[in-house]
Amino acid sequence: MSVILQIRDLYKTYGEGASAVHAVNGVTLDVKRGELLVLMGPSGSGKTTLLSMMGCILRASTGSICVEGMETTGLAESHLPKVRLEHFGFIFQGFNLFPALTSLENVEIALDLKKIRGSRARQRALELLTQVGLTDKAHEFPENLSGGQKQRIAIARALAGDPHIVLADEPTAALDSASGRKVLEILHELTREQNRAVVVVTHDPRVLDYADRIVKLEDGRVAEEIVCSAMKEVVS
Amino acid sequence: MSKLALRNLFHDKVRLAVTLTGVVFALILMVIQFGLFLGFLETSGNVVEHSGIDLWITAPGIPHVNGGSPIPERRRYKAMAAEGVDLVKPYAFLFANWKLPSGAQEAVQVVGFDVDSRLGAPWDIAEGSIDDLRGADTVLIDEHYKKKLGVKGIGDTAEINGHRARVVGFTRGVLSFTTAPYVYASFKNSLDYVQLTEKDTIFFAVRVKPGFNRQQVKAAVQANVHGVDVYTNEEMLDKTRSYWVISTGAGVTTLMGAVLGLLVGMVVVAQTIYAATVDHLREYGTLKAMGANNAYLYRVILQQALLSALMGYVLAMGVSWFVVEGSKSGDAVILMPPAMIAAVFVLALVMCAGASILSIRKATRIDPAMVFRA
Ligand SMILES: Nc1ncnc2c1ncn2[C@@H]1O[C@H](COP(=O)(O)OP(=O)(O)OP(=O)(O)O)[C@@H](O)[C@H]1O
Ligand SMILES: [Mg+2]
């Protein structure tokens with residue numbers, strides 16, 4: 001299984017001097033293609049900070065992040081949107097759908113960023129909605145969807161750019177148990193059927209059924225790494 | 001046109017209403033305030049500006065055209081002897097009392113001019129003609145003041161300072177910036193209205209022979225005629241305008257109103273557009289996280305702002321038009337010349353774009369905490 005995201009000695013410090021917060025404090029980690037990696041840890045342990053740096057949303061203080069072989073920590077600010085566009089799909093706890101756009105248009109805007117427009121975009125967006133099982137909601141606005149449906153639309157949107165890496169921060173925290181499970185199943189399928197890497201930050205124990213590997217953070221450091229049985233079977 | 005910009009604008013109708021109200025209110029405020037100022041500028045000197053007079057001969061030291069005082073009529077011969085002078089005609093311009101048949105009274109300003117030469121004649125006639133002023137007791141008033149002066153149509157009569165006046169026609173757009181409307185009569189007829197004897201006049205209106213320089217003729221007249229001041233038309237216009245606009249404080253107040261309208265308008269527009277952008281900040285953060293570059297964001301935000309500006313402008317101009325039309329029945333003159341309409345358009349676009357650019361700075365930096373917040 002090839003390493004798609006390589007993190008070495010990563011640090012992120014907020015503030016200076018006495019009030020400095022070492023949110024990420026020397027993390028070294030590999031993310032592989034086709035795996036579902038779960039980041040766990042107490043509140044304030046640095047999970048969101050780490051995920052943001054992985055996805056080139058936040059700059060590291062020091063250390064290195066290689067995305068599909070490309071070092072990103074030294075890139076100019078203006079290059080980062082392109083890296084995000086080409087390599088990452090993001091899923092948020094709050095869904096972050098555009099409330100003024102329908103489900104279909106929410107997906108299409110991600111395609112628009114990749115300069116895929118018109119009937120090609122429409123067709124591709126419909127395919128993605130099919131994949132998350134929501135073609136019948138194509139013309140609904142987010143306000144008329146349930147939480148689980150919103151998150152599935154958000155997944156479809158995250159996949160629009162065909163990213164190799166999907167980063168999700170607490171994707172099921174706002175969902176009831178059944179919808180949460182459905183979302184996790186879809187994320188799991190992404191690793192199995194499409195060979196994408198999925199990194200999920202969560203407190204949700206349900207995710208353990210789908211995880212290949214669990215990384216526990218504490219005070220910005222990797223405290224524990226557990227390779228799950230499902231994964232072991234695949235590896236052996 | 002970005003679909004997101006368009007949809008964001010129209011999705012939340014309340015937000016849109018608030019934004020447009022802000023923009024419309026600001027633009028109307030500016031248009032009305034500047035319109036008032038322009039109206040003041042225009043009307044404070046219109047009688048001079050459109051007089052067709054080359055040189056004005058006045059009593060010494062008068063403050064402005066509305067403040068003339070009598071000079072002897074016989075000075076005319078000395079003035080006519082000056083080199084370059086073509087015509088010298090008497091001209092009266094004085095306040096008087098207009099008595100309606102009902103007994104009510106209104107202050108008016110009587111303009112007595114030489115009908116033959118048309119020096120100082122009204123510049124736009126709606127009904128009747130200037131030559132109708134050759135008859136006894138005849139006057140022209142502006143159609144705008146019909147109601148104020150209790151006149152329904154041609155043939156109606158009133159009394160000016162106790163003398164009969166018969167309306168034989170109407171001027172158009174010959175508006176006074178004071179509450180006292182202009183009443184035009186032949187100089188001869190005006191003598192009765194303004195209680196002047198034939199031996200006096202208020203001004204002499206001079207026409208300069210073609211090919212002569214006004215300043216030179218002015219100097220020649222000044223040298224020939226003692227005990228008077230001589231002004232070119234431009235000088236008289238300047239003198240009159242600067243008196244009303246600056247010395248009385250009235251114009252300065254109106255100008256301050258206009259500048260204040262501009263400032264308040266700018267703040268209101270900036271505030272509304274800024275609020276509208278900040279409202280969508282999280283969406284812009286999401287877009288950035290999804291890989292949109294700054295240019296893409298600018299486009300969305302600017303399009304949203306410019307569209308608001310455009311809609312606000314159209315609405316504001318519509319409302320302003322009604323206000324300006326409505327003002328025509330009142331005393332205050334509000335002008336809305338095409339140049340101002342165009343300037344307000346540019347201003348609306350620039351203000352909205354400027355305000356959105358201020359808020360763009362917030363949107364182009366994404367805070368992961370904001371994007372990932374539940
Ligand atoms: N912008 C910031 N400025 C200063 N400190 C910050 C900032 N963002 C995060 N922190 C701090 O960094 C630490 C790690 O925060 P982070 O959000 O990564 O934790 P987390 O593991 O995601 O927590 P949670 O489970 O509550 O989401 C915390 O102590 C937090 O207060
Ligand atoms: Mg977090």
# chains A, B, ... in the order shown; residues from 1 in each chain; ligands from 1

$ residues_around --residues "Val201 (chain A)" --least-positions-apart "6" --cutoff "10 Å" --atoms "only C-alpha atoms" --output "list in words"
Leu37, Val38, Leu39, Met40, Gly41, Lys47, Thr48, Leu50, Leu51, Phe92, Gln93, Leu167, Ala168, Asp169, Glu170, Pro171, Thr172, Val207, Ile214 and Val215 of chain A

$ residues_near_ligand --ligand "ligand 1" --cutoff "12 Å" --atoms "only C-alpha atoms and all ligand atoms" --output "MDAnalysis selection string"
(chainID A and resid 11:16 19:25 39:53 58:59 92:93 168:171 173 200:204 216:222) or (chainID B and resid 366:374)

$ residues_around --residues "region 151-161 of chain A" --least-positions-apart "4" --cutoff "7 Å" --atoms "only C-alpha atoms" --output "ChimeraX atom specification"
/A:85-86,89-91,95,97,103,106-107,110-111,114,128-129,132,147,183

$ select_by_dssp --residues "region 172-311 of chain B" --states "strand (DSSP E or B)" --output "VMD selection string"
chain B and resid 182 to 186 200 to 201 203 to 208 229 to 232

$ closest_residue --among "A:Pro142, A:Gly94, A:Pro99, A:Gly63" --to "ligand 2" --atoms "only C-alpha atoms and all ligand atoms"
A:Gly94

$ interface_residues --of "chain B" --to "chain A" --cutoff "8 Å" --atoms "only C-alpha atoms" --output "number ranges by chain"
B: 4, 7-8, 11-12, 282-283, 286, 288-293, 366, 368, 371-374

$ write_last_selection --atoms "all heavy atoms" --output "short mmCIF file (atom, residue, chain, number, x, y, z; two decimals), in the first residue's frame"
data_model
loop_
_atom_site.label_atom_id
_atom_site.label_comp_id
_atom_site.auth_asym_id
_atom_site.auth_seq_id
_atom_site.Cartn_x
_atom_site.Cartn_y
_atom_site.Cartn_z
N LEU B 4 -23.23 31.43 -7.75
CA LEU B 4 -23.23 31.60 -6.29
C LEU B 4 -23.53 33.06 -5.92
O LEU B 4 -24.33 33.32 -5.03
CB LEU B 4 -21.87 31.18 -5.72
CG LEU B 4 -21.78 31.18 -4.20
CD1 LEU B 4 -22.75 30.20 -3.58
CD2 LEU B 4 -20.37 30.90 -3.73
N ARG B 7 -27.23 33.72 -6.63
CA ARG B 7 -28.11 33.03 -5.68
C ARG B 7 -27.98 33.59 -4.28
O ARG B 7 -28.96 33.74 -3.57
CB ARG B 7 -27.80 31.54 -5.67
CG ARG B 7 -28.21 30.84 -6.93
CD ARG B 7 -29.72 30.93 -7.14
NE ARG B 7 -30.13 30.00 -8.16
CZ ARG B 7 -30.22 28.70 -7.97
NH1 ARG B 7 -29.93 28.18 -6.81
NH2 ARG B 7 -30.58 27.91 -8.95
N ASN B 8 -26.75 33.88 -3.87
CA ASN B 8 -26.55 34.42 -2.53
C ASN B 8 -27.33 35.71 -2.37
O ASN B 8 -27.87 36.00 -1.31
CB ASN B 8 -25.07 34.68 -2.27
CG ASN B 8 -24.39 33.47 -1.67
OD1 ASN B 8 -25.06 32.50 -1.30
ND2 ASN B 8 -23.08 33.51 -1.57
N HIS B 11 -31.27 34.64 -2.52
CA HIS B 11 -31.80 33.56 -1.68
C HIS B 11 -32.47 34.10 -0.43
O HIS B 11 -33.58 33.72 -0.09
CB HIS B 11 -30.66 32.60 -1.30
CG HIS B 11 -31.14 31.40 -0.55
ND1 HIS B 11 -31.90 30.42 -1.14
CD2 HIS B 11 -30.98 31.02 0.75
CE1 HIS B 11 -32.19 29.49 -0.25
NE2 HIS B 11 -31.64 29.83 0.91
N ASP B 12 -31.75 35.01 0.24
CA ASP B 12 -32.29 35.56 1.48
C ASP B 12 -32.96 36.90 1.18
O ASP B 12 -32.30 37.93 1.07
CB ASP B 12 -31.15 35.71 2.50
CG ASP B 12 -31.67 36.17 3.86
OD1 ASP B 12 -32.83 36.62 3.93
OD2 ASP B 12 -30.90 36.09 4.83
N ARG B 282 -18.32 32.42 6.05
CA ARG B 282 -18.07 30.99 6.22
C ARG B 282 -18.12 30.28 4.86
O ARG B 282 -17.32 29.37 4.60
CB ARG B 282 -19.11 30.41 7.16
CG ARG B 282 -18.90 28.95 7.42
CD ARG B 282 -19.26 28.59 8.83
NE ARG B 282 -18.94 27.21 9.12
CZ ARG B 282 -19.77 26.40 9.73
NH1 ARG B 282 -20.95 26.82 10.11
NH2 ARG B 282 -19.40 25.17 9.98
N GLU B 283 -19.03 30.74 4.00
CA GLU B 283 -19.12 30.13 2.68
C GLU B 283 -17.85 30.40 1.88
O GLU B 283 -17.35 29.54 1.16
CB GLU B 283 -20.32 30.68 1.92
CG GLU B 283 -21.63 30.21 2.49
CD GLU B 283 -22.80 30.90 1.83
OE1 GLU B 283 -22.79 31.04 0.60
OE2 GLU B 283 -23.71 31.33 2.57
N THR B 286 -15.23 28.13 3.08
CA THR B 286 -15.44 26.78 2.52
C THR B 286 -14.93 26.73 1.08
O THR B 286 -14.24 25.79 0.69
CB THR B 286 -16.94 26.43 2.57
OG1 THR B 286 -17.40 26.57 3.91
CG2 THR B 286 -17.17 25.01 2.10
N LYS B 288 -12.65 28.53 -0.27
CA LYS B 288 -11.18 28.54 -0.26
C LYS B 288 -10.65 27.17 0.10
O LYS B 288 -9.71 26.68 -0.52
CB LYS B 288 -10.67 29.58 0.75
CG LYS B 288 -10.67 30.96 0.21
CD LYS B 288 -9.43 31.72 0.63
CE LYS B 288 -8.29 31.45 -0.33
NZ LYS B 288 -7.10 32.23 0.00
N ALA B 289 -11.25 26.56 1.11
CA ALA B 289 -10.81 25.22 1.51
C ALA B 289 -10.96 24.26 0.33
O ALA B 289 -10.12 23.39 0.11
CB ALA B 289 -11.62 24.73 2.70
N MET B 290 -12.03 24.45 -0.45
CA MET B 290 -12.28 23.57 -1.60
C MET B 290 -11.29 23.81 -2.73
O MET B 290 -11.28 23.08 -3.72
CB MET B 290 -13.70 23.80 -2.13
CG MET B 290 -14.79 23.21 -1.24
SD MET B 290 -16.43 23.85 -1.68
CE MET B 290 -16.56 23.32 -3.38
N GLY B 291 -10.50 24.87 -2.61
CA GLY B 291 -9.48 25.11 -3.62
C GLY B 291 -9.71 26.32 -4.49
O GLY B 291 -9.01 26.50 -5.49
N ALA B 292 -10.68 27.15 -4.13
CA ALA B 292 -10.88 28.38 -4.90
C ALA B 292 -9.73 29.33 -4.60
O ALA B 292 -9.34 29.47 -3.45
CB ALA B 292 -12.20 29.03 -4.51
N ASN B 293 -9.20 29.98 -5.62
CA ASN B 293 -8.14 30.96 -5.36
C ASN B 293 -8.77 32.33 -5.10
O ASN B 293 -9.98 32.51 -5.20
CB ASN B 293 -7.14 31.00 -6.52
CG ASN B 293 -7.81 31.27 -7.85
OD1 ASN B 293 -8.92 31.82 -7.88
ND2 ASN B 293 -7.17 30.87 -8.92
N ILE B 366 -8.52 32.32 5.36
CA ILE B 366 -9.44 31.41 6.01
C ILE B 366 -8.88 30.99 7.35
O ILE B 366 -7.71 30.65 7.47
CB ILE B 366 -9.75 30.09 5.28
CG1 ILE B 366 -8.67 29.77 4.27
CG2 ILE B 366 -11.14 30.05 4.78
CD1 ILE B 366 -8.82 28.35 3.78
N PRO B 368 -9.10 28.09 9.86
CA PRO B 368 -9.59 26.71 9.92
C PRO B 368 -10.66 26.54 11.00
O PRO B 368 -11.63 25.81 10.82
CB PRO B 368 -8.35 25.90 10.29
CG PRO B 368 -7.19 26.77 10.06
CD PRO B 368 -7.65 28.18 10.06
N VAL B 371 -13.97 27.38 9.48
CA VAL B 371 -14.46 26.43 8.50
C VAL B 371 -14.89 25.14 9.19
O VAL B 371 -15.91 24.54 8.85
CB VAL B 371 -13.37 26.13 7.45
CG1 VAL B 371 -13.89 25.14 6.44
CG2 VAL B 371 -12.94 27.41 6.78
N PHE B 372 -14.09 24.70 10.19
CA PHE B 372 -14.37 23.41 10.81
C PHE B 372 -15.35 23.51 11.97
O PHE B 372 -15.79 22.49 12.48
CB PHE B 372 -13.05 22.78 11.29
CG PHE B 372 -12.22 22.27 10.15
CD1 PHE B 372 -10.99 22.81 9.85
CD2 PHE B 372 -12.69 21.23 9.35
CE1 PHE B 372 -10.24 22.34 8.79
CE2 PHE B 372 -11.95 20.75 8.29
CZ PHE B 372 -10.71 21.32 8.01
N ARG B 373 -15.64 24.74 12.35
CA ARG B 373 -16.59 24.92 13.45
C ARG B 373 -17.94 24.29 13.08
O ARG B 373 -18.37 24.33 11.93
CB ARG B 373 -16.78 26.42 13.68
CG ARG B 373 -17.52 26.80 14.92
CD ARG B 373 -17.78 28.30 14.86
NE ARG B 373 -18.56 28.61 13.66
CZ ARG B 373 -18.52 29.78 13.04
NH1 ARG B 373 -17.74 30.74 13.46
NH2 ARG B 373 -19.26 29.98 11.97
N ALA B 374 -18.60 23.74 14.07
CA ALA B 374 -19.88 23.08 13.79
C ALA B 374 -20.95 24.12 13.48
O ALA B 374 -20.87 25.22 13.97
CB ALA B 374 -20.31 22.26 14.98
#

$ residues_around --residues "Ile65 (chain A)" --least-positions-apart "2" --cutoff "9 Å" --atoms "only C-alpha atoms" --output "CSV table (one decimal) with C-alpha atoms, in the first residue's frame"
chain,number,residue,atom,x,y,z
A,5,LEU,CA,0.6,11.7,2.6
A,6,GLN,CA,3.9,11.7,4.6
A,7,ILE,CA,4.2,13.8,7.7
A,8,ARG,CA,7.5,14.4,9.4
A,10,LEU,CA,5.3,18.5,12.3
A,53,MET,CA,-2.1,21.3,8.0
A,54,MET,CA,-2.5,18.0,6.2
A,60,ALA,CA,3.0,24.4,9.8
A,63,GLY,CA,8.3,20.1,9.8
A,67,VAL,CA,1.4,15.2,-0.6
A,70,MET,CA,5.3,16.9,-3.3
A,71,GLU,CA,6.6,18.9,-0.4
A,72,THR,CA,3.9,21.5,0.5
A,73,THR,CA,5.3,23.3,3.6

$ residues_around --residues "Lys362 (chain B)" --least-positions-apart "3" --cutoff "8 Å" --atoms "only C-alpha atoms" --output "PyMOL selection string"
chain B and resi 278+281+358-359+365

$ select_by_dssp --residues "region 101-219 of chain A" --states "helix (DSSP H, G or I)" --output "ChimeraX atom specification"
/A:103-113,118-131,135-137,142-144,147-159,177-194,205-209

$ residues_around --residues "region 128-135 of chain B" --least-positions-apart "5" --cutoff "7 Å" --atoms "only C-alpha atoms" --output "list in words"
Val115, Val168, Gly169, Phe170, Ala185 and Ser186 of chain B

$ write_last_selection --atoms "C-alpha atoms" --output "compact mmCIF listing (two decimals), in the first residue's frame"
# COMPACT_ATOMS: atom_id res chain seq x y z
CA VAL B 115 -38.67 94.58 -24.82
CA VAL B 168 -50.33 87.61 -20.67
CA GLY B 169 -48.15 84.54 -20.69
CA PHE B 170 -45.98 82.12 -18.82
CA ALA B 185 -42.68 93.32 -17.33
CA SER B 186 -41.47 95.89 -19.84

$ residues_around --residues "Val111 (chain B)" --least-positions-apart "6" --cutoff "7 Å" --atoms "only C-alpha atoms" --output "compact mmCIF listing (two decimals) with N, CA, C and O atoms, in the first residue's frame"
# COMPACT_ATOMS: atom_id res chain seq x y z
N ALA B 92 -34.70 97.00 -14.51
CA ALA B 92 -35.09 97.08 -13.09
C ALA B 92 -35.22 95.69 -12.51
O ALA B 92 -35.61 94.74 -13.21
N PHE B 93 -34.86 95.57 -11.25
CA PHE B 93 -34.97 94.26 -10.60
C PHE B 93 -35.16 94.54 -9.12
O PHE B 93 -34.21 94.82 -8.40
N LEU B 94 -36.42 94.49 -8.67
CA LEU B 94 -36.71 94.89 -7.29
C LEU B 94 -37.84 94.05 -6.70
O LEU B 94 -38.70 93.54 -7.43
N TYR B 182 -40.28 85.47 -9.82
CA TYR B 182 -40.00 86.58 -10.74
C TYR B 182 -41.28 86.95 -11.48
O TYR B 182 -42.05 86.09 -11.89
N VAL B 183 -41.46 88.27 -11.67
CA VAL B 183 -42.56 88.76 -12.50
C VAL B 183 -41.92 89.66 -13.55
O VAL B 183 -41.28 90.66 -13.21
N TYR B 184 -42.06 89.27 -14.82
CA TYR B 184 -41.42 90.04 -15.90
C TYR B 184 -42.40 91.06 -16.48
O TYR B 184 -43.57 90.75 -16.71
N ALA B 185 -41.89 92.28 -16.68
CA ALA B 185 -42.68 93.32 -17.33
C ALA B 185 -41.74 94.14 -18.21
O ALA B 185 -40.52 94.04 -18.08

$ atom_distance --atom1 "atom 1 (Mg, counted along the ligand's line) of ligand 2" --atom2 "CA of Gln149 (chain A)"
22.2 Å

$ decode --residues "region 86-97 of chain A" --atoms "all heavy atoms" --output "CSV table (one decimal), in the first residue's frame"
chain,number,residue,atom,x,y,z
A,86,GLU,N,-6.5,20.0,-6.2
A,86,GLU,CA,-6.1,18.8,-6.9
A,86,GLU,C,-6.0,17.5,-6.1
A,86,GLU,O,-6.1,16.4,-6.6
A,86,GLU,CB,-4.8,19.0,-7.7
A,86,GLU,CG,-5.0,19.9,-8.9
A,86,GLU,CD,-3.7,20.3,-9.6
A,86,GLU,OE1,-2.6,20.0,-9.0
A,86,GLU,OE2,-3.8,21.0,-10.6
A,87,HIS,N,-5.7,17.7,-4.8
A,87,HIS,CA,-5.5,16.5,-4.0
A,87,HIS,C,-6.5,16.2,-2.9
A,87,HIS,O,-6.6,15.1,-2.5
A,87,HIS,CB,-4.1,16.6,-3.3
A,87,HIS,CG,-3.0,16.8,-4.3
A,87,HIS,ND1,-2.3,15.7,-4.9
A,87,HIS,CD2,-2.4,17.9,-4.9
A,87,HIS,CE1,-1.4,16.1,-5.7
A,87,HIS,NE2,-1.4,17.5,-5.7
A,88,PHE,N,-7.2,17.2,-2.4
A,88,PHE,CA,-8.0,17.0,-1.3
A,88,PHE,C,-9.5,17.2,-1.5
A,88,PHE,O,-9.9,18.1,-2.3
A,88,PHE,CB,-7.6,17.9,-0.1
A,88,PHE,CG,-6.2,17.7,0.3
A,88,PHE,CD1,-5.1,18.5,-0.1
A,88,PHE,CD2,-5.9,16.6,1.2
A,88,PHE,CE1,-3.8,18.2,0.3
A,88,PHE,CE2,-4.6,16.4,1.6
A,88,PHE,CZ,-3.5,17.2,1.2
A,89,GLY,N,-10.3,16.5,-0.7
A,89,GLY,CA,-11.7,16.8,-0.5
A,89,GLY,C,-12.0,16.9,1.0
A,89,GLY,O,-11.4,16.2,1.8
A,90,PHE,N,-12.7,18.0,1.3
A,90,PHE,CA,-13.0,18.2,2.7
A,90,PHE,C,-14.4,18.0,3.1
A,90,PHE,O,-15.3,18.3,2.4
A,90,PHE,CB,-12.7,19.7,3.1
A,90,PHE,CG,-11.2,20.0,3.0
A,90,PHE,CD1,-10.6,20.5,1.8
A,90,PHE,CD2,-10.4,19.8,4.1
A,90,PHE,CE1,-9.3,20.8,1.7
A,90,PHE,CE2,-9.0,20.1,4.0
A,90,PHE,CZ,-8.5,20.6,2.8
A,91,ILE,N,-14.6,17.4,4.3
A,91,ILE,CA,-15.9,17.2,4.9
A,91,ILE,C,-15.9,17.8,6.3
A,91,ILE,O,-15.0,17.5,7.1
A,91,ILE,CB,-16.3,15.7,4.9
A,91,ILE,CG1,-16.3,15.2,3.5
A,91,ILE,CG2,-17.6,15.4,5.6
A,91,ILE,CD1,-16.3,13.7,3.4
A,92,PHE,N,-16.9,18.6,6.5
A,92,PHE,CA,-17.0,19.3,7.8
A,92,PHE,C,-18.1,18.8,8.7
A,92,PHE,O,-19.1,18.4,8.2
A,92,PHE,CB,-17.2,20.8,7.5
A,92,PHE,CG,-16.2,21.3,6.4
A,92,PHE,CD1,-16.7,21.4,5.1
A,92,PHE,CD2,-15.0,21.8,6.7
A,92,PHE,CE1,-15.8,21.8,4.1
A,92,PHE,CE2,-14.1,22.3,5.7
A,92,PHE,CZ,-14.6,22.3,4.4
A,93,GLN,N,-17.9,19.0,10.0
A,93,GLN,CA,-18.9,18.7,11.0
A,93,GLN,C,-20.2,19.5,10.7
A,93,GLN,O,-21.3,18.9,10.8
A,93,GLN,CB,-18.4,19.0,12.4
A,93,GLN,CG,-19.4,18.7,13.4
A,93,GLN,CD,-18.9,19.0,14.8
A,93,GLN,OE1,-17.8,19.4,15.0
A,93,GLN,NE2,-19.8,18.9,15.8
A,94,GLY,N,-20.1,20.7,10.3
A,94,GLY,CA,-21.2,21.6,10.0
A,94,GLY,C,-21.7,21.5,8.6
A,94,GLY,O,-22.5,22.4,8.2
A,95,PHE,N,-21.2,20.6,7.8
A,95,PHE,CA,-21.6,20.4,6.4
A,95,PHE,C,-21.1,21.5,5.5
A,95,PHE,O,-20.6,21.2,4.4
A,95,PHE,CB,-23.1,20.2,6.2
A,95,PHE,CG,-23.8,19.4,7.3
A,95,PHE,CD1,-24.9,20.0,8.0
A,95,PHE,CD2,-23.3,18.2,7.6
A,95,PHE,CE1,-25.5,19.2,9.0
A,95,PHE,CE2,-23.9,17.4,8.7
A,95,PHE,CZ,-25.0,18.0,9.4
A,96,ASN,N,-21.2,22.7,5.9
A,96,ASN,CA,-20.8,23.9,5.1
A,96,ASN,C,-21.3,23.9,3.7
A,96,ASN,O,-20.6,24.2,2.7
A,96,ASN,CB,-19.2,23.9,5.1
A,96,ASN,CG,-18.7,24.2,6.4
A,96,ASN,OD1,-19.3,24.1,7.5
A,96,ASN,ND2,-17.4,24.7,6.5
A,97,LEU,N,-22.5,23.4,3.5
A,97,LEU,CA,-23.1,23.5,2.2
A,97,LEU,C,-23.5,25.0,1.9
A,97,LEU,O,-23.6,25.8,2.8
A,97,LEU,CB,-24.4,22.7,2.1
A,97,LEU,CG,-24.1,21.2,2.2
A,97,LEU,CD1,-25.5,20.4,2.2
A,97,LEU,CD2,-23.2,20.7,1.1
